[in-house]
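Colleague: Just passing along the structure, written as structure tokens.
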Protein chains: 2
Amino acid sequence: MDPLPALLVVLVVAKVLGELVERAGFPALVGEIAAGALLGPALLGIVRMDDTIGTFADIGLIVLLFTSGLQLNMRSFRNSIRTGFSVALWGVIIPLLGGTAAGLVFGFSYIESLVIGVTLSITSIGVSVRSLIDLNQLKTDAGLAIVSAAVIDDAIGIVLLGSLSALALGEGRVNNILVLLFLAALFIGLLLTVGRRAIVWAFKISQKAHTHEMSYSMALVLGLLAAVLSNWAGLHYAIGAFLAGLVLGDSIRSDQTLYDSLFDLAFGFFVTIFFASIGLLFPSDISRFSIILLAALFFIALGTKTAGGLAGALPAFRNYKKSFLVGLGLCPRGEVALVVVKVSLAAGILSASLFSTLTVVIIATVLVTPFLLAWGFSLPGTGQETPSPAR
Amino acid sequence: MDPLPALLVVLVVAKVLGELVERAGFPALVGEIAAGALLGPALLGIVRMDDTIGTFADIGLIVLLFTSGLQLNMRSFRNSIRTGFSVALWGVIIPLLGGTAAGLVFGFSYIESLVIGVTLSITSIGVSVRSLIDLNQLKTDAGLAIVSAAVIDDAIGIVLLGSLSALALGEGRVNNILVLLFLAALFIGLLLTVGRRAIVWAFKISQKAHTHEMSYSMALVLGLLAAVLSNWAGLHYAIGAFLAGLVLGDSIRSDQTLYDSLFDLAFGFFVTIFFASIGLLFPSDISRFSIILLAALFFIALGTKTAGGLAGALPAFRNYKKSFLVGLGLCPRGEVALVVVKVSLAAGILSASLFSTLTVVIIATVLVTPFLLAWGFSLPGTGQETPSPAR
């Protein structure tokens, strides 16, 4: 199918299924992913992931994180960072160990087991954030802890990915990993100091421009630019976009028309393509899988991440239910985990069948999290101290 | 360059140059095309036209025509149709004859001369409309006549393109052309009767949806769908998108937030990519051209179209200056003309050097029109009977 009709079909089916799921009381993203799985190679085979849909999906993830940043304010986010660190650390270590151990138990090689561990350890910031937005819980204590943990988790993820490549490709140079870490730290440091002032200044300038859509274009350009630079610095697009949104939050929230317009762009178009594109990755050869391995990895993925989140959040929250909820919120694996398995497959350190199995596990964690979170936030003890509509 | 950074660079440079041109008092689209020429193969060679940029550009043209339709109302557009027919007819015949004659004079073959004639006879609806919007003249008498003539011109264009293919490829079957005409008429007929009710109904449904961005998505989906169907019916994307906008005008104009949001999407992002993509097509081998041929075709393009528009509009307007202005407004050749030369090159009935020359002529008419129109609308006698800001 030509790119434009393909995009149109994806948008329509994803919006319809998303609306149906939402009417049933669950986050729309589940319907959007299901639309991708329906249209993609797994079922109908009408639409295929290509460069064009990939670019729309990338922009979708970027505007999702950018608008999430816009909704938060720098101060409340900064306060959640300390909890986020502890949650991210435990939330990476336990799945890493658990996943690797499971691999060894199932008889996979040392390196394959390590790939399983790394895959299970990196949370999808996009899915976590979208679930919170759909459930209107982004700005709660638990929500903020999940977001900041997901951001830090992503940074840890690039180190793990770097280490894995170094090990797998025999480039065992610690230097490379140090360079990666240095670049990532440099990017975040520069963005939050010099970059912050430059971003706010550029946006102010755009408001004086001759054409009145200029501030819209500028917001978009700044979000995309921060994302592209963050990608060059070895981090994921998502991190740069989120930080740019956080920096611009105060300026853009004061212009309601612009704020609404950017949300429409995100949730009315691009974000939907992003989630549908996850469904497009669903493999077509599910029948060949070992159900036992699939189920085992799926439950290990959920169990270890929840345990890690719980362990990391408990010291700060001193509340079991709320800390458990933080763990649930970190369960989805997504963009980065998919990169890990793709890179490993290409490097020849992962068999095709284990690749497909892990892809299904990743998508399954994405599909189940919204339901888990909806249930978790309905528990009486989860106390939303700072409730306010996400938008 | 990867698709995302390429898109970002194009957007930034086009917005900056567009703003500069606008500050100098001329339509921004000139700066946007210049940005494409600067970044493309003609000069820096950083960005290349590919599927992804092509899809963004297609969506740009679609949302441009869709939002143009939104601004007009069905009744005033219907009133301008009769003038539009006469203008379109004369505005096609004179350049067709003039262009073909010029080709023969310059010693080109009969078929090559015919390609020149067809290329010069089809107006770019996108550029005409955008120039009128930038100059705030879309809803004037002359503006409406230009828009309706451009729509009809496009329909005549597909017949010419069909006839040319039939002649060139030796498929000399009149049947094909009749089928084309029938399909196009069927599409327009269905869209304005059953389709019209279906579109308005679908939009009303979307306003009751659970997720509040649904009406934004629905507007976008309806515009894209009408465009894709119109393309399947042999017409250009632009026609379907314009008619869908015209049909939805009343419903969407009553929701100011949605209206603003769709304009931001169009003019703050996609439309800019469309105009920059025209500049990307600028060929790199200009030095090899015959300047005399280039200049001759350029002035014939302007002269014949202006004469045709003048002849067609005079009976209705009984005002030389205003009719002349209509002719000027139809001068830009664009999307369809570029298809004509591309198809002819691929069919082997056009030499590479004549292809490049015609491409430059097409882009030159696009670049010069905004200046001509700005000057034309500044003439005292052009009397804007129904002046109102375009937005």
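Residue numbering restarts at 1 for every chain of the structure tokens, chains are lettered A, B, ... in their displayed order, and ligands are numbered from 1 as they appear.
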Take chain B, superimpose it onto chain A by least squares using every C-alpha atom paired in sequence order, and output the result as a CSV table (one decimal) with C-alpha atoms, in the first residue's frame.
Modeller:
chain,number,residue,atom,x,y,z
B,1,MET,CA,0.0,0.0,0.0
B,2,ASP,CA,1.2,3.6,-0.7
B,3,PRO,CA,2.5,5.5,2.4
B,4,LEU,CA,-0.5,7.9,2.6
B,5,PRO,CA,-3.3,5.3,2.3
B,6,ALA,CA,-1.4,3.1,4.8
B,7,LEU,CA,-1.1,5.9,7.3
B,8,LEU,CA,-4.8,6.7,6.9
B,9,VAL,CA,-5.9,3.1,7.5
B,10,VAL,CA,-3.7,2.9,10.5
B,11,LEU,CA,-5.0,6.2,11.9
B,12,VAL,CA,-8.7,5.2,11.4
B,13,VAL,CA,-8.5,1.7,12.8
B,14,ALA,CA,-6.4,2.8,15.8
B,15,LYS,CA,-8.7,5.6,16.6
B,16,VAL,CA,-11.8,3.4,16.4
B,17,LEU,CA,-10.3,0.6,18.5
B,18,GLY,CA,-8.8,3.1,20.9
B,19,GLU,CA,-12.2,4.7,21.4
B,20,LEU,CA,-13.9,1.3,22.0
B,21,VAL,CA,-11.3,0.3,24.6
B,22,GLU,CA,-11.7,3.7,26.3
B,23,ARG,CA,-15.4,3.3,26.4
B,24,ALA,CA,-14.9,0.0,28.2
B,25,GLY,CA,-13.0,2.0,30.8
B,26,PHE,CA,-9.4,1.2,29.9
B,27,PRO,CA,-6.6,3.3,28.4
B,28,ALA,CA,-7.0,3.9,24.6
B,29,LEU,CA,-3.4,2.8,23.9
B,30,VAL,CA,-4.4,-0.9,24.2
B,31,GLY,CA,-6.8,-0.5,21.3
B,32,GLU,CA,-4.2,1.4,19.2
B,33,ILE,CA,-1.6,-1.3,19.6
B,34,ALA,CA,-4.3,-3.9,18.8
B,35,ALA,CA,-5.0,-2.0,15.6
B,36,GLY,CA,-1.3,-2.3,14.6
B,37,ALA,CA,-1.3,-6.0,15.4
B,38,LEU,CA,-4.5,-6.4,13.3
B,39,LEU,CA,-3.3,-4.5,10.3
B,40,GLY,CA,0.3,-5.8,10.4
B,41,PRO,CA,2.1,-9.0,9.4
B,42,ALA,CA,0.7,-10.8,12.5
B,43,LEU,CA,-2.9,-10.9,11.2
B,44,LEU,CA,-4.2,-9.1,8.0
B,45,GLY,CA,-0.8,-8.2,6.6
B,46,ILE,CA,-2.1,-5.0,5.0
B,47,VAL,CA,0.4,-2.5,6.4
B,48,ARG,CA,4.1,-3.0,6.9
B,49,MET,CA,6.5,-1.0,9.1
B,50,ASP,CA,8.6,1.2,6.8
B,51,ASP,CA,10.7,4.4,7.0
B,52,THR,CA,7.7,6.7,6.6
B,53,ILE,CA,5.5,5.1,9.3
B,54,GLY,CA,8.7,4.8,11.4
B,55,THR,CA,9.2,8.6,11.1
B,56,PHE,CA,5.6,9.3,12.1
B,57,ALA,CA,6.0,6.9,15.0
B,58,ASP,CA,9.2,8.6,16.1
B,59,ILE,CA,7.5,12.0,16.0
B,60,GLY,CA,4.7,10.4,17.9
B,61,LEU,CA,6.9,9.3,20.8
B,62,ILE,CA,8.6,12.7,20.7
B,63,VAL,CA,5.4,14.8,21.0
B,64,LEU,CA,4.1,12.4,23.6
B,65,LEU,CA,7.1,13.0,25.9
B,66,PHE,CA,7.2,16.7,25.0
B,67,THR,CA,3.6,17.3,26.0
B,68,SER,CA,4.1,15.2,29.1
B,69,GLY,CA,7.0,17.5,30.0
B,70,LEU,CA,4.7,20.5,29.3
B,71,GLN,CA,2.2,19.2,31.9
B,72,LEU,CA,4.7,19.0,34.7
B,73,ASN,CA,6.6,21.7,36.4
B,74,MET,CA,10.3,21.6,36.9
B,75,ARG,CA,10.1,22.0,40.7
B,76,SER,CA,7.8,19.0,41.4
B,77,PHE,CA,9.7,16.9,38.9
B,78,ARG,CA,13.0,17.8,40.7
B,79,ASN,CA,11.5,16.8,44.0
B,80,SER,CA,10.7,13.4,42.6
B,81,ILE,CA,14.2,12.7,41.2
B,82,ARG,CA,15.7,11.2,44.4
B,83,THR,CA,12.9,8.7,44.7
B,84,GLY,CA,13.2,8.1,40.9
B,85,PHE,CA,16.9,7.2,41.3
B,86,SER,CA,16.3,4.6,43.9
B,87,VAL,CA,13.3,3.2,42.0
B,88,ALA,CA,15.2,3.1,38.7
B,89,LEU,CA,18.2,1.4,40.2
B,90,TRP,CA,16.3,-1.4,41.9
B,91,GLY,CA,13.9,-1.6,39.0
B,92,VAL,CA,16.8,-2.4,36.7
B,93,ILE,CA,18.9,-4.6,38.9
B,94,ILE,CA,16.2,-7.2,39.8
B,95,PRO,CA,14.9,-7.8,36.3
B,96,LEU,CA,18.5,-7.9,35.0
B,97,LEU,CA,19.4,-10.6,37.4
B,98,GLY,CA,16.0,-12.4,37.2
B,99,GLY,CA,16.0,-12.3,33.4
B,100,THR,CA,19.6,-13.6,33.1
B,101,ALA,CA,19.0,-16.3,35.6
B,102,ALA,CA,15.8,-17.4,33.8
B,103,GLY,CA,17.7,-17.6,30.6
B,104,LEU,CA,20.4,-19.8,32.1
B,105,VAL,CA,17.7,-22.1,33.7
B,106,PHE,CA,16.1,-22.5,30.3
B,107,GLY,CA,19.4,-23.6,28.9
B,108,PHE,CA,20.3,-20.5,26.8
B,109,SER,CA,23.9,-19.5,26.4
B,110,TYR,CA,25.5,-17.0,28.8
B,111,ILE,CA,25.3,-14.2,26.3
B,112,GLU,CA,21.7,-15.0,25.2
B,113,SER,CA,20.7,-15.0,28.9
B,114,LEU,CA,22.3,-11.6,29.3
B,115,VAL,CA,20.3,-10.2,26.4
B,116,ILE,CA,17.1,-11.5,28.1
B,117,GLY,CA,18.2,-9.8,31.3
B,118,VAL,CA,18.9,-6.5,29.6
B,119,THR,CA,15.7,-6.6,27.6
B,120,LEU,CA,13.6,-7.2,30.7
B,121,SER,CA,15.3,-4.4,32.6
B,122,ILE,CA,14.5,-1.3,30.5
B,123,THR,CA,11.1,0.3,30.9
B,124,SER,CA,9.2,2.0,28.1
B,125,ILE,CA,9.0,5.6,29.1
B,126,GLY,CA,6.4,6.2,26.3
B,127,VAL,CA,4.0,3.6,27.4
B,128,SER,CA,4.4,4.4,31.1
B,129,VAL,CA,3.7,8.1,30.5
B,130,ARG,CA,0.8,7.5,28.1
B,131,SER,CA,-0.9,5.0,30.6
B,132,LEU,CA,-0.6,7.7,33.3
B,133,ILE,CA,-2.1,10.3,31.0
B,134,ASP,CA,-5.0,8.1,29.9
B,135,LEU,CA,-5.7,7.3,33.6
B,136,ASN,CA,-5.3,11.0,34.6
B,137,GLN,CA,-2.6,10.1,37.2
B,138,LEU,CA,0.5,11.8,35.7
B,139,LYS,CA,0.8,14.4,38.4
B,140,THR,CA,0.2,12.2,41.4
B,141,ASP,CA,3.1,11.2,43.7
B,142,ALA,CA,3.2,7.7,42.3
B,143,GLY,CA,2.9,9.2,38.7
B,144,LEU,CA,5.8,11.5,39.2
B,145,ALA,CA,7.9,8.8,40.7
B,146,ILE,CA,7.1,6.5,37.7
B,147,VAL,CA,8.0,9.2,35.2
B,148,SER,CA,11.3,10.2,36.8
B,149,ALA,CA,12.3,6.6,37.3
B,150,ALA,CA,11.5,5.9,33.7
B,151,VAL,CA,13.7,8.8,32.6
B,152,ILE,CA,16.7,7.5,34.7
B,153,ASP,CA,16.0,3.9,33.7
B,154,ASP,CA,16.4,5.0,30.1
B,155,ALA,CA,19.8,6.5,30.8
B,156,ILE,CA,20.9,3.2,32.6
B,157,GLY,CA,19.5,1.4,29.6
B,158,ILE,CA,22.0,3.0,27.2
B,159,VAL,CA,24.8,1.9,29.5
B,160,LEU,CA,23.5,-1.7,29.5
B,161,LEU,CA,23.1,-1.6,25.8
B,162,GLY,CA,26.6,-0.2,25.4
B,163,SER,CA,28.0,-2.9,27.7
B,164,LEU,CA,26.2,-5.6,25.9
B,165,SER,CA,27.5,-4.5,22.5
B,166,ALA,CA,31.0,-4.3,23.9
B,167,LEU,CA,30.7,-7.8,25.3
B,168,ALA,CA,28.9,-9.3,22.3
B,169,LEU,CA,31.0,-7.7,19.6
B,170,GLY,CA,34.2,-8.3,21.5
B,171,GLU,CA,34.9,-4.6,21.6
B,172,GLY,CA,35.4,-5.1,25.4
B,173,ARG,CA,36.6,-1.5,25.8
B,174,VAL,CA,35.4,0.1,29.0
B,175,ASN,CA,36.3,3.4,27.3
B,176,ASN,CA,33.3,3.3,25.0
B,177,ILE,CA,30.9,3.0,27.9
B,178,LEU,CA,32.6,5.8,29.7
B,179,VAL,CA,32.3,8.0,26.5
B,180,LEU,CA,28.6,7.1,26.3
B,181,LEU,CA,28.0,8.0,29.9
B,182,PHE,CA,30.0,11.2,29.5
B,183,LEU,CA,28.1,12.3,26.4
B,184,ALA,CA,24.7,11.5,28.0
B,185,ALA,CA,25.7,13.5,31.2
B,186,LEU,CA,27.0,16.3,29.1
B,187,PHE,CA,23.8,16.5,27.0
B,188,ILE,CA,21.5,16.5,30.1
B,189,GLY,CA,23.8,19.0,31.9
B,190,LEU,CA,24.0,21.4,28.9
B,191,LEU,CA,20.2,21.1,28.2
B,192,LEU,CA,19.3,22.0,31.8
B,193,THR,CA,21.7,25.0,32.0
B,194,VAL,CA,22.7,26.9,28.8
B,195,GLY,CA,20.1,25.0,26.8
B,196,ARG,CA,17.3,25.9,29.1
B,197,ARG,CA,18.0,29.6,28.7
B,198,ALA,CA,18.4,29.2,24.9
B,199,ILE,CA,15.1,27.3,24.6
B,200,VAL,CA,13.1,29.8,26.6
B,201,TRP,CA,14.7,32.7,24.7
B,202,ALA,CA,14.0,31.1,21.3
B,203,PHE,CA,10.4,30.6,22.2
B,204,LYS,CA,10.0,34.2,23.4
B,205,ILE,CA,11.5,35.4,20.1
B,206,SER,CA,9.0,33.3,18.1
B,207,GLN,CA,6.1,34.9,19.9
B,208,LYS,CA,7.1,38.2,18.3
B,209,ALA,CA,7.3,36.8,14.8
B,210,HIS,CA,5.4,38.1,11.9
B,211,THR,CA,3.5,34.9,11.0
B,212,HIS,CA,1.4,33.9,14.0
B,213,GLU,CA,1.8,30.1,13.7
B,214,MET,CA,5.5,30.7,14.5
B,215,SER,CA,5.3,29.9,18.2
B,216,TYR,CA,3.6,26.5,17.3
B,217,SER,CA,6.4,25.8,14.8
B,218,MET,CA,9.0,26.9,17.4
B,219,ALA,CA,7.6,24.6,20.1
B,220,LEU,CA,7.6,21.7,17.7
B,221,VAL,CA,11.1,22.5,16.4
B,222,LEU,CA,12.5,22.8,19.9
B,223,GLY,CA,11.0,19.5,20.9
B,224,LEU,CA,12.3,17.7,17.8
B,225,LEU,CA,15.7,19.3,18.1
B,226,ALA,CA,16.2,18.3,21.7
B,227,ALA,CA,15.1,14.8,20.7
B,228,VAL,CA,17.5,14.5,17.8
B,229,LEU,CA,20.4,15.9,19.9
B,230,SER,CA,19.6,13.5,22.7
B,231,ASN,CA,19.7,10.7,20.2
B,232,TRP,CA,23.1,11.9,19.0
B,233,ALA,CA,24.3,11.9,22.6
B,234,GLY,CA,23.4,8.2,22.8
B,235,LEU,CA,20.2,8.7,24.7
B,236,HIS,CA,16.7,7.9,23.4
B,237,TYR,CA,14.7,10.6,21.5
B,238,ALA,CA,12.2,10.5,24.4
B,239,ILE,CA,14.6,12.0,27.0
B,240,GLY,CA,15.4,15.1,25.0
B,241,ALA,CA,11.8,15.7,24.1
B,242,PHE,CA,10.7,15.3,27.7
B,243,LEU,CA,13.3,17.7,29.1
B,244,ALA,CA,12.5,20.3,26.4
B,245,GLY,CA,8.9,20.1,27.4
B,246,LEU,CA,9.7,20.4,31.0
B,247,VAL,CA,11.8,23.5,30.3
B,248,LEU,CA,9.0,25.1,28.1
B,249,GLY,CA,6.2,24.1,30.4
B,250,ASP,CA,5.7,27.5,32.1
B,251,SER,CA,5.9,29.5,28.9
B,252,ILE,CA,3.5,27.3,26.9
B,253,ARG,CA,1.0,26.6,29.7
B,254,SER,CA,0.3,30.4,29.7
B,255,ASP,CA,-0.9,30.2,26.1
B,256,GLN,CA,-3.9,28.0,26.2
B,257,THR,CA,-4.6,28.0,22.5
B,258,LEU,CA,-1.1,26.9,21.7
B,259,TYR,CA,-1.2,24.3,24.5
B,260,ASP,CA,-4.4,22.8,23.2
B,261,SER,CA,-3.1,22.9,19.7
B,262,LEU,CA,0.0,20.9,20.6
B,263,PHE,CA,-2.0,18.3,22.5
B,264,ASP,CA,-4.3,17.9,19.5
B,265,LEU,CA,-1.3,17.4,17.3
B,266,ALA,CA,0.1,14.7,19.7
B,267,PHE,CA,-3.0,12.8,20.7
B,268,GLY,CA,-5.2,13.5,17.7
B,269,PHE,CA,-2.5,12.2,15.2
B,270,PHE,CA,1.1,11.3,15.9
B,271,VAL,CA,0.9,9.5,19.2
B,272,THR,CA,-1.8,7.2,17.8
B,273,ILE,CA,0.6,6.2,15.0
B,274,PHE,CA,3.4,5.5,17.5
B,275,PHE,CA,1.3,3.0,19.5
B,276,ALA,CA,-0.2,1.4,16.4
B,277,SER,CA,3.4,1.0,15.1
B,278,ILE,CA,4.2,-1.1,18.2
B,279,GLY,CA,1.4,-3.5,17.1
B,280,LEU,CA,2.9,-3.6,13.6
B,281,LEU,CA,6.0,-5.2,15.1
B,282,PHE,CA,4.0,-8.2,16.4
B,283,PRO,CA,5.6,-11.2,14.6
B,284,SER,CA,3.6,-13.5,12.4
B,285,ASP,CA,5.0,-16.9,13.5
B,286,ILE,CA,3.5,-17.1,17.0
B,287,SER,CA,2.6,-20.8,16.6
B,288,ARG,CA,6.2,-21.9,16.6
B,289,PHE,CA,6.8,-20.4,20.1
B,290,SER,CA,7.3,-22.4,23.2
B,291,ILE,CA,4.3,-21.3,25.3
B,292,ILE,CA,6.1,-22.2,28.5
B,293,LEU,CA,9.1,-20.0,27.8
B,294,LEU,CA,6.9,-17.2,26.7
B,295,ALA,CA,4.7,-17.4,29.8
B,296,ALA,CA,7.7,-17.7,32.1
B,297,LEU,CA,9.5,-14.7,30.7
B,298,PHE,CA,6.3,-12.7,30.7
B,299,PHE,CA,5.6,-13.3,34.4
B,300,ILE,CA,9.3,-12.8,35.3
B,301,ALA,CA,9.1,-9.5,33.4
B,302,LEU,CA,6.1,-8.4,35.5
B,303,GLY,CA,7.3,-9.9,38.8
B,304,THR,CA,10.9,-8.6,38.8
B,305,LYS,CA,10.0,-5.1,37.7
B,306,THR,CA,7.2,-4.8,40.2
B,307,ALA,CA,9.5,-6.1,43.0
B,308,GLY,CA,12.2,-3.7,41.9
B,309,GLY,CA,9.9,-0.7,41.9
B,310,LEU,CA,8.4,-1.7,45.2
B,311,ALA,CA,11.9,-2.0,46.8
B,312,GLY,CA,13.0,1.3,45.3
B,313,ALA,CA,9.9,3.4,46.3
B,314,LEU,CA,9.2,2.0,49.8
B,315,PRO,CA,11.9,4.0,51.6
B,316,ALA,CA,10.4,7.3,50.2
B,317,PHE,CA,6.7,6.5,50.3
B,318,ARG,CA,6.6,4.2,53.4
B,319,ASN,CA,3.4,2.9,51.9
B,320,TYR,CA,3.2,-0.6,50.4
B,321,LYS,CA,0.3,-0.1,48.1
B,322,LYS,CA,1.7,3.1,46.6
B,323,SER,CA,5.2,1.6,46.2
B,324,PHE,CA,3.7,-1.5,44.6
B,325,LEU,CA,1.8,0.8,42.1
B,326,VAL,CA,5.1,2.4,41.1
B,327,GLY,CA,6.4,-1.0,40.3
B,328,LEU,CA,3.4,-1.8,38.2
B,329,GLY,CA,3.8,1.5,36.3
B,330,LEU,CA,7.3,0.5,35.3
B,331,CYS,CA,6.3,-2.9,33.9
B,332,PRO,CA,6.0,-1.9,30.2
B,333,ARG,CA,9.1,-2.6,28.1
B,334,GLY,CA,9.1,-0.9,24.7
B,335,GLU,CA,11.2,1.2,22.4
B,336,VAL,CA,14.6,0.6,24.0
B,337,ALA,CA,14.0,-3.1,24.7
B,338,LEU,CA,13.0,-3.5,21.0
B,339,VAL,CA,16.3,-1.9,20.0
B,340,VAL,CA,18.2,-4.3,22.3
B,341,VAL,CA,16.7,-7.4,20.7
B,342,LYS,CA,17.0,-6.0,17.2
B,343,VAL,CA,20.7,-5.1,17.7
B,344,SER,CA,21.3,-8.5,19.3
B,345,LEU,CA,19.6,-10.3,16.4
B,346,ALA,CA,21.7,-8.4,13.9
B,347,ALA,CA,24.9,-9.1,15.8
B,348,GLY,CA,24.1,-12.8,15.6
B,349,ILE,CA,24.0,-13.3,19.4
B,350,LEU,CA,20.2,-14.0,19.5
B,351,SER,CA,18.4,-16.7,17.6
B,352,ALA,CA,15.4,-15.7,15.4
B,353,SER,CA,13.0,-17.7,17.6
B,354,LEU,CA,14.2,-16.1,20.9
B,355,PHE,CA,14.0,-12.7,19.1
B,356,SER,CA,10.3,-13.3,18.3
B,357,THR,CA,9.6,-14.6,21.7
B,358,LEU,CA,11.1,-11.5,23.4
B,359,THR,CA,9.3,-9.2,21.0
B,360,VAL,CA,6.0,-10.9,22.0
B,361,VAL,CA,6.9,-10.6,25.7
B,362,ILE,CA,7.7,-6.9,25.3
B,363,ILE,CA,4.4,-6.2,23.5
B,364,ALA,CA,2.5,-8.3,26.1
B,365,THR,CA,4.0,-6.2,29.0
B,366,VAL,CA,2.8,-3.0,27.1
B,367,LEU,CA,-0.7,-4.4,26.6
B,368,VAL,CA,-1.2,-5.6,30.2
B,369,THR,CA,0.2,-2.6,32.1
B,370,PRO,CA,-2.7,-0.2,31.4
B,371,PHE,CA,-5.1,-2.8,33.0
B,372,LEU,CA,-2.8,-3.4,35.9
B,373,LEU,CA,-2.4,0.4,36.5
B,374,ALA,CA,-6.1,1.0,36.2
B,375,TRP,CA,-6.7,-1.6,38.8
B,376,GLY,CA,-3.9,-0.4,41.0
B,377,PHE,CA,-5.0,3.2,41.0
B,378,SER,CA,-8.5,2.0,42.0
B,379,LEU,CA,-7.2,0.6,45.2
B,380,PRO,CA,-8.3,2.6,48.2
B,381,GLY,CA,-4.8,3.0,49.8
B,382,THR,CA,-3.0,4.5,46.8
B,383,GLY,CA,-3.9,8.0,48.0
B,384,GLN,CA,-3.5,10.6,45.3
B,385,GLU,CA,-2.1,13.5,47.4
B,386,THR,CA,-1.9,15.9,44.5
B,387,PRO,CA,-4.9,15.0,42.3
B,388,SER,CA,-5.5,17.3,39.3
B,389,PRO,CA,-6.7,16.5,35.8
B,390,ALA,CA,-3.8,15.5,33.6
B,391,ARG,CA,-4.9,18.1,31.1
